[in-house]
Amino acid sequence: GNYLIALGSPAWIDVVANGQSVASTGHGHGPDCSGIRKMVDFALSPGHYIVQISANGEPQTELLVVRLP
């Protein structure tokens with residue numbers, strides 16, 4: 001299905017399957033008052049994935065993963 005990964009910081013988001021990066025299908029930003037700084041969409045098949053967060057300028061960030069309709 002299609003999934004959205006959202007972060008509270010402008011860090012880089014990668015999804016990895018079988019050692020390969022999965023191409024994103026969309027990018028965006030959350031509403032100004034939401035605390036969501038970055039949103040990235042991925043089309044994923046059933047399986048196991050690794051979500052990698054890099055280049056985060058803060059010591060921690062919030063992460064949200066949601067299946068899209």
# chains A, B, ... in the order shown; residues from 1 in each chain; ligands from 1
call {"tool": "select_by_dssp", "arguments": {"residues": "chain A", "states": "strand (DSSP E or B)", "output": "ChimeraX atom specification"}}
result
/A:2-7,12-17,20-21,24-28,38-43,50-54,63-67
call {"tool": "residues_around", "arguments": {"residues": "stretch 25-40 of chain A", "least_positions_apart": "4", "cutoff": "7 Å", "atoms": "only C-alpha atoms", "output": "JSON, numbers by chain"}}
result
{"A": [4, 5, 6, 7, 8, 9, 10]}
call {"tool": "closest_residue", "arguments": {"among": "A:Gln20, A:Tyr49, A:Tyr3, A:Ala11", "to": "A:Thr61", "atoms": "only C-alpha atoms"}}
result
A:Ala11
call {"tool": "atom_distance", "arguments": {"atom1": "atom CA of A:Trp12", "atom2": "atom CA of A:Glu62"}}
result
13.0 Å
call {"tool": "closest_residue", "arguments": {"among": "A:Leu68, A:Ile50, A:Leu63, A:Asn56", "to": "A:Val22", "atoms": "only C-alpha atoms"}}
result
A:Ile50
call {"tool": "atom_distance", "arguments": {"atom1": "atom CA of A:Ala55", "atom2": "atom CA of A:Ser24"}}
result
17.5 Å
call {"tool": "atom_distance", "arguments": {"atom1": "atom CA of A:Val66", "atom2": "atom CA of A:Gly19"}}
result
22.7 Å
call {"tool": "closest_residue", "arguments": {"among": "A:Ser21, A:Ala43, A:Ile53, A:Val16", "to": "A:Pro69", "atoms": "only C-alpha atoms"}}
result
A:Ala43
